[in-house]
Every structure is written in C-alpha cells, then in structure tokens.
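Accompanying notes for the structure given below.
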Amino acid sequence: MHQFRNDYSEGAAPEILDALVRTNGEQTVGYGGDPHCARAAGLIRAEIGQGDADVRFVPGGTAANILAVSALTEEFEGPILAADAHPTIHETGAIEGCGRRLLATDDPLGLLTPDAAERAWATVTANGSHSTRPGMVYISDTTELGHVWTRGEFDAICDWAHGHGLAVYVDGARIASAMTADGADLDIRHLAERADAFTLGGTKNGMLFGEALVVSPRTERGRRAIDRLPYLTKRAGALMAKGRLMGVMYEAAFDPANADGCGTLPYWRYAAHANAASVRLARGLAAAGFEPLLQTAGNQQFFWVDAEQGARLAEHLGAELMEARDPAGAGRVLARLVTSWAATNADVDEAIAFARTLAS
C-alpha cells in the first residue's frame, strides 16, 4: 500500500532523473561554480522576476534555515516566529546552536500574525540589551500544519516587519505546494518582491535533495547576508563539492523546454499534482467521517483520530501521529498524511477505502 508519510520518500521525478543521468559523465568545477548552477540560478531569477537576486544551492532545509537566519541577523539578534514553526520543534536547536535565539509567539498553526509579533517584540525589547534583539521574522509557506498563506496575510506581516526594521525570511520547503494550491492568491513574484530571503524547496518537490536560497540585494540586511553567505556556508559544512548536482536538478525543474502543453514548468507541475492528490485524499477521509484540523489545498492533510485508528493509519499508510490539544476533549491525536509528485489517484483511492474500514 502506498505510503503517505512525507513528500520525499521517493527518488527523483522523471525530468530530474533524466537530467542527472544525461549529465552524469560531465566534468565540471566544484562547489557550485559550474555552468548548470549558473544557468539554474538564471532560470530562477527569470521565474521570480528578480534579475539581481542572489541564488545559491544548499543540500537541505535545516541548513538553509541556519544560513538564512545567521546571515540576516547579528549574533545578539534572533528571529520572531510562530511557536510551532519548524525550527522550534523539528530542528534540534540548530539555529540556537549557531548563536541565534528563537523568539516564539503564541500563534497557532504556524501563521505568524502582526499582533502576536508585536507582543513578542514589546516583551523582548523592553529589557534593552539584557534580551535578544529581534532581527527578522521567519515564516514558512505552507506552514508546519498545512496553512497556505494568503496575499493579505503575507503583506500584513511584511508591513509589520519592515516597519520595525526587520528582515522577512520565508522557509519555502513546500513553497511550490503553496503557490499552486487551489484558490491561492499569493504568487511567487509578489513573494520575491517583498521578502528579504526565501527558499525554493527541491527535496520535497521531486528532487533527490536541495534547496535554492534566494536573497534580495535591495535591502541592507539582504546585501549583508549575500556578503556573508559564502563564508557561513563553508563553515556550516553545507558547501557541496558536487554542487553541480543541485544545479542540474533545478535547471531541469525550471527549464522552459520541459514545460507542459500549458506552459507549466516541472517545478510547479509536481506540486500541483501532489496538491490535487492531497485534496482528493482529504475529501475522501472527510466523507468517511474523519474530522480535519483545517481545510487546506496544500499537500499536507491533518485529521483527528483516536489511538487505534492512528496506529492503523501509521502502520498501513505511513501516517505521522502528532500530539495536540483535542478541542473535543476526547484525547484524539492528529494524523498527518502527505502526498508527493508520485502519488496516483489509485493510491489515494486505496487509502480512502482502507480508512473507511477504520471509521465503520
């Protein structure tokens, strides 16, 4: 039975794997100084509408977050972020291990709001030099619990952050899912215009590994980050000798020659496919009587289940179980199911049929 554990259990999507095989015998310079990385960066700049953006390739999401936060802030500063944001619960203190304290708000669902950010700002700045100074805000799109940011929500946090002299960083491990979610009104060009830095995730969107870290030179913090990043990358052990592998994969994902008949690039096509499978799965589970945490058109779905249902879903579908406060007071847990570029309608329908046996 197909596993819905995450969106990176499979290998590479067809165009990505073909490109890796086709270029396997090439000899290039190392550390990302090759023609594939250069062309991939140019294709990304064209796609996001920022011709002067700095684009570099990092092996994984945690490394990208460490580098972005370290580069955008001073040693005595830290990011304001939601309490359930990825760095606060899934990165083993990686950012704090690099000397940057996380300044978490009480926002739910990973959606950082200006009101909560203002409260966090007021609390830490009231102590002056005795407390960590905010230097940026961190958000992810989609959020850790599947919310897809609207343009209004994004503009509101950008306005607040820039009004306080803070950088805006978007962890885009699943940004392709967010940009292609049905009904989403925040597009990549608007996000790139407003954010100081963001990532275009590859690991969770059809590539073997890799994140593209994009930094804007239009802000003071962005320019300083661009200057720092080569050194921070090397120091963090995130500079790959065979960096060209990421260049090859991103080149294939953003190459217009690989677009489909509607002109959609593989990078967006993979995510749209995963989203469609996810929505199909969510509708089937809801029809079977399972209660969703929230309605989302992204590729992560969260449903309330009892202990026995959760154990069976984990065993047969690879669902990840998460402890959370059950609003019904029944002691239920959340089951996370995630779709990828490789999920088929047959896979989804088989999962729904199995779930129905648990709900009856």
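Ligands are numbered from 1 in the order shown, residues from 1 within each chain, and chains are lettered A, B, ... in the order they appear in the structure tokens.
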Could you list, as a list in words, every residue within 8 Å of Arg100 in chain A, counting only C-alpha atoms and ignoring same-chain residues fewer than 2 positions away?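 Near Arg100 in chain A, the qualifying residues are Val69, Ser70, Glu75, Phe76, Glu77, Gly78, Pro79, Ile95, Glu96, Gly97, Cys98 and Leu102 of chain A.
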How about saving the chosen residues, C-alpha atoms kept, as a PDB file, in the first residue's frame?
ATOM      1  CA  VAL A  69      18.979  33.300   9.892  1.00  0.00           C
ATOM      2  CA  SER A  70      22.715  33.577  10.588  1.00  0.00           C
ATOM      3  CA  GLU A  75      24.960  37.455  16.858  1.00  0.00           C
ATOM      4  CA  PHE A  76      22.833  39.143  19.512  1.00  0.00           C
ATOM      5  CA  GLU A  77      19.663  39.035  17.397  1.00  0.00           C
ATOM      6  CA  GLY A  78      17.100  36.348  16.632  1.00  0.00           C
ATOM      7  CA  PRO A  79      14.018  35.610  14.535  1.00  0.00           C
ATOM      8  CA  ILE A  95      19.591  27.768  14.805  1.00  0.00           C
ATOM      9  CA  GLU A  96      20.122  28.350  18.508  1.00  0.00           C
ATOM     10  CA  GLY A  97      23.231  26.195  18.254  1.00  0.00           C
ATOM     11  CA  CYS A  98      24.572  28.861  15.905  1.00  0.00           C
ATOM     12  CA  LEU A 102      14.349  31.847  18.664  1.00  0.00           C
TER      13      LEU A 102
END
Residue contacts of Ile157 in chain A (7 Å, only C-alpha atoms) excluding same-chain residues fewer than 4 positions away, as a CSV table (one decimal) with all heavy atoms, in the first residue's frame:
chain,number,residue,atom,x,y,z
A,113,THR,N,1.3,36.3,13.1
A,113,THR,CA,0.4,37.4,12.9
A,113,THR,C,1.1,38.7,13.4
A,113,THR,O,1.9,38.6,14.3
A,113,THR,CB,-0.9,37.3,13.6
A,113,THR,OG1,-0.7,37.1,15.0
A,113,THR,CG2,-1.6,36.0,13.1
A,114,PRO,N,0.8,39.8,12.9
A,114,PRO,CA,1.4,41.1,13.3
A,114,PRO,C,1.1,41.3,14.8
A,114,PRO,O,2.0,41.8,15.5
A,114,PRO,CB,0.7,42.2,12.5
A,114,PRO,CG,0.4,41.4,11.2
A,114,PRO,CD,0.0,40.1,11.6
A,153,GLU,N,-2.4,38.1,4.3
A,153,GLU,CA,-1.7,37.7,5.5
A,153,GLU,C,-0.2,38.0,5.3
A,153,GLU,O,0.5,38.5,6.2
A,153,GLU,CB,-1.9,36.3,5.8
A,153,GLU,CG,-3.4,35.9,6.2
A,153,GLU,CD,-3.7,34.5,6.1
A,153,GLU,OE1,-2.9,33.7,5.5
A,153,GLU,OE2,-4.7,34.0,6.7
A,161,ALA,N,7.0,43.8,9.8
A,161,ALA,CA,8.4,43.5,10.0
A,161,ALA,C,9.2,44.7,9.4
A,161,ALA,O,10.1,45.2,10.1
A,161,ALA,CB,8.8,42.2,9.2
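Using only C-alpha atoms, the shortest contact distance between Val338 in chain A and any of A:Asn205, A:Thr233, A:Ser216, A:Thr73 is found at A:Asn205.
Coordinates place CA of Ile16 in chain A at a distance of 7.8 Å from CA of Val248 in chain A.
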From CA of Met249 in chain A to CA of Ala63 in chain A the spacing works out at 18.3 Å
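CA of Phe198 in chain A is positioned 12.5 Å from CA of Gln50 in chain A.
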> Thr150 in chain A: which residues within 9 Å, counting only C-alpha atoms, same-chain residues fewer than 5 positions away excluded, as a ChimeraX atom specification?
Replying inline: /A:155,184-186
Notebook entry, point to check: Looking at A:Thr203, A:Thr219, A:Thr264, A:Ser177, which one is nearest to Ala277 in chain A, with distances taken over only C-alpha atoms?
Noted result: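 Closest to Ala277 in chain A, using only C-alpha atoms: A:Ser177.
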Contact residues around range 287-292 of chain A with only C-alpha atoms at 8 Å, ignoring same-chain residues under 6 positions, as a ChimeraX atom specification: /A:301-305,352,355-356,359
Nearest to Ala351 in chain A: which of A:Thr180, A:Thr143, A:Gln3, A:Asn258 is it, counting only C-alpha atoms?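 Looking only at the distances to Ala351 in chain A, the closest residue turns out to be A:Gln3.
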Find the residues around Ala156 in chain A up to 12 Å (only C-alpha atoms counted), leave out those fewer than 6 positions away in its own chain, and share them as a PDB file with all heavy atoms, in the first residue's frame.
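That gives us part-v9.pdb:
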ATOM      1  N   LEU A 111       0.990  30.280  11.679  1.00  0.00           N
ATOM      2  CA  LEU A 111       0.668  31.511  10.958  1.00  0.00           C
ATOM      3  C   LEU A 111       1.050  32.712  11.819  1.00  0.00           C
ATOM      4  O   LEU A 111       0.294  33.121  12.707  1.00  0.00           O
ATOM      5  CB  LEU A 111      -0.826  31.551  10.616  1.00  0.00           C
ATOM      6  CG  LEU A 111      -1.298  32.778   9.839  1.00  0.00           C
ATOM      7  CD1 LEU A 111      -0.626  32.830   8.468  1.00  0.00           C
ATOM      8  CD2 LEU A 111      -2.812  32.753   9.672  1.00  0.00           C
ATOM      9  N   LEU A 112       2.217  33.269  11.577  1.00  0.00           N
ATOM     10  CA  LEU A 112       2.702  34.413  12.353  1.00  0.00           C
ATOM     11  C   LEU A 112       1.862  35.645  12.033  1.00  0.00           C
ATOM     12  O   LEU A 112       1.741  36.047  10.877  1.00  0.00           O
ATOM     13  CB  LEU A 112       4.170  34.669  12.022  1.00  0.00           C
ATOM     14  CG  LEU A 112       4.859  35.780  12.804  1.00  0.00           C
ATOM     15  CD1 LEU A 112       4.962  35.424  14.278  1.00  0.00           C
ATOM     16  CD2 LEU A 112       6.249  36.048  12.222  1.00  0.00           C
ATOM     17  N   THR A 113       1.285  36.263  13.078  1.00  0.00           N
ATOM     18  CA  THR A 113       0.430  37.430  12.884  1.00  0.00           C
ATOM     19  C   THR A 113       1.107  38.680  13.418  1.00  0.00           C
ATOM     20  O   THR A 113       1.925  38.612  14.346  1.00  0.00           O
ATOM     21  CB  THR A 113      -0.912  37.252  13.616  1.00  0.00           C
ATOM     22  OG1 THR A 113      -0.664  37.136  15.025  1.00  0.00           O
ATOM     23  CG2 THR A 113      -1.646  36.010  13.121  1.00  0.00           C
ATOM     24  N   PRO A 114       0.787  39.846  12.851  1.00  0.00           N
ATOM     25  CA  PRO A 114       1.378  41.082  13.342  1.00  0.00           C
ATOM     26  C   PRO A 114       1.098  41.347  14.820  1.00  0.00           C
ATOM     27  O   PRO A 114       1.980  41.842  15.542  1.00  0.00           O
ATOM     28  CB  PRO A 114       0.733  42.153  12.450  1.00  0.00           C
ATOM     29  CG  PRO A 114       0.415  41.433  11.180  1.00  0.00           C
ATOM     30  CD  PRO A 114       0.008  40.055  11.610  1.00  0.00           C
ATOM     31  N   ASP A 115      -0.099  41.020  15.295  1.00  0.00           N
ATOM     32  CA  ASP A 115      -0.430  41.271  16.702  1.00  0.00           C
ATOM     33  C   ASP A 115       0.473  40.463  17.629  1.00  0.00           C
ATOM     34  O   ASP A 115       1.008  40.988  18.610  1.00  0.00           O
ATOM     35  CB  ASP A 115      -1.899  40.939  16.974  1.00  0.00           C
ATOM     36  CG  ASP A 115      -2.848  41.962  16.388  1.00  0.00           C
ATOM     37  OD1 ASP A 115      -2.386  43.055  16.007  1.00  0.00           O
ATOM     38  OD2 ASP A 115      -4.053  41.667  16.305  1.00  0.00           O
ATOM     39  N   ALA A 117       3.347  39.090  16.839  1.00  0.00           N
ATOM     40  CA  ALA A 117       4.723  39.539  16.638  1.00  0.00           C
ATOM     41  C   ALA A 117       4.999  40.812  17.424  1.00  0.00           C
ATOM     42  O   ALA A 117       6.077  40.974  18.010  1.00  0.00           O
ATOM     43  CB  ALA A 117       4.986  39.756  15.152  1.00  0.00           C
ATOM     44  N   TRP A 149      -0.595  30.534   3.053  1.00  0.00           N
ATOM     45  CA  TRP A 149      -0.686  31.974   3.302  1.00  0.00           C
ATOM     46  C   TRP A 149      -1.442  32.683   2.183  1.00  0.00           C
ATOM     47  O   TRP A 149      -1.237  32.407   1.005  1.00  0.00           O
ATOM     48  CB  TRP A 149       0.707  32.588   3.398  1.00  0.00           C
ATOM     49  CG  TRP A 149       1.417  32.335   4.692  1.00  0.00           C
ATOM     50  CD1 TRP A 149       1.944  31.152   5.121  1.00  0.00           C
ATOM     51  CD2 TRP A 149       1.681  33.293   5.724  1.00  0.00           C
ATOM     52  NE1 TRP A 149       2.518  31.302   6.353  1.00  0.00           N
ATOM     53  CE2 TRP A 149       2.379  32.606   6.754  1.00  0.00           C
ATOM     54  CE3 TRP A 149       1.413  34.645   5.883  1.00  0.00           C
ATOM     55  CZ2 TRP A 149       2.802  33.240   7.912  1.00  0.00           C
ATOM     56  CZ3 TRP A 149       1.844  35.289   7.042  1.00  0.00           C
ATOM     57  CH2 TRP A 149       2.511  34.585   8.039  1.00  0.00           C
ATOM     58  N   THR A 150      -2.300  33.619   2.572  1.00  0.00           N
ATOM     59  CA  THR A 150      -2.940  34.488   1.591  1.00  0.00           C
ATOM     60  C   THR A 150      -2.041  35.694   1.352  1.00  0.00           C
ATOM     61  O   THR A 150      -1.131  36.005   2.144  1.00  0.00           O
ATOM     62  CB  THR A 150      -4.305  34.980   2.076  1.00  0.00           C
ATOM     63  OG1 THR A 150      -4.118  35.869   3.190  1.00  0.00           O
ATOM     64  CG2 THR A 150      -5.198  33.823   2.486  1.00  0.00           C
ATOM     65  N   HIS A 162       8.925  45.122   8.227  1.00  0.00           N
ATOM     66  CA  HIS A 162       9.718  46.197   7.644  1.00  0.00           C
ATOM     67  C   HIS A 162       9.513  47.513   8.394  1.00  0.00           C
ATOM     68  O   HIS A 162      10.424  48.345   8.463  1.00  0.00           O
ATOM     69  CB  HIS A 162       9.375  46.343   6.167  1.00  0.00           C
ATOM     70  CG  HIS A 162       9.818  45.162   5.346  1.00  0.00           C
ATOM     71  ND1 HIS A 162       9.188  44.774   4.171  1.00  0.00           N
ATOM     72  CD2 HIS A 162      10.826  44.265   5.540  1.00  0.00           C
ATOM     73  CE1 HIS A 162       9.798  43.696   3.680  1.00  0.00           C
ATOM     74  NE2 HIS A 162      10.791  43.376   4.493  1.00  0.00           N
ATOM     75  N   GLY A 163       8.331  47.669   8.975  1.00  0.00           N
ATOM     76  CA  GLY A 163       8.091  48.849   9.795  1.00  0.00           C
ATOM     77  C   GLY A 163       8.917  48.859  11.068  1.00  0.00           C
ATOM     78  O   GLY A 163       9.131  49.912  11.675  1.00  0.00           O
ATOM     79  N   VAL A 168      12.490  39.813   6.422  1.00  0.00           N
ATOM     80  CA  VAL A 168      11.471  38.775   6.259  1.00  0.00           C
ATOM     81  C   VAL A 168      12.098  37.600   5.529  1.00  0.00           C
ATOM     82  O   VAL A 168      12.630  37.744   4.422  1.00  0.00           O
ATOM     83  CB  VAL A 168      10.255  39.291   5.464  1.00  0.00           C
ATOM     84  CG1 VAL A 168       9.285  38.143   5.159  1.00  0.00           C
ATOM     85  CG2 VAL A 168       9.556  40.407   6.219  1.00  0.00           C
ATOM     86  N   ARG A 194       8.755  41.119  -1.983  1.00  0.00           N
ATOM     87  CA  ARG A 194       8.628  41.638  -0.632  1.00  0.00           C
ATOM     88  C   ARG A 194       9.576  40.991   0.376  1.00  0.00           C
ATOM     89  O   ARG A 194       9.957  41.617   1.363  1.00  0.00           O
ATOM     90  CB  ARG A 194       7.190  41.496  -0.148  1.00  0.00           C
ATOM     91  CG  ARG A 194       6.168  42.233  -1.005  1.00  0.00           C
ATOM     92  CD  ARG A 194       5.150  42.961  -0.140  1.00  0.00           C
ATOM     93  NE  ARG A 194       5.762  43.908   0.774  1.00  0.00           N
ATOM     94  CZ  ARG A 194       5.101  44.533   1.747  1.00  0.00           C
ATOM     95  NH1 ARG A 194       3.816  44.272   1.922  1.00  0.00           N
ATOM     96  NH2 ARG A 194       5.695  45.394   2.536  1.00  0.00           N
TER      97      ARG A 194
END
From the options A:Ile226, A:Leu17, A:Ala68, A:Ala330, which residue's atoms come nearest to Phe209 in chain A, counting only C-alpha atoms?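 Closest to Phe209 in chain A, using only C-alpha atoms: A:Leu17.
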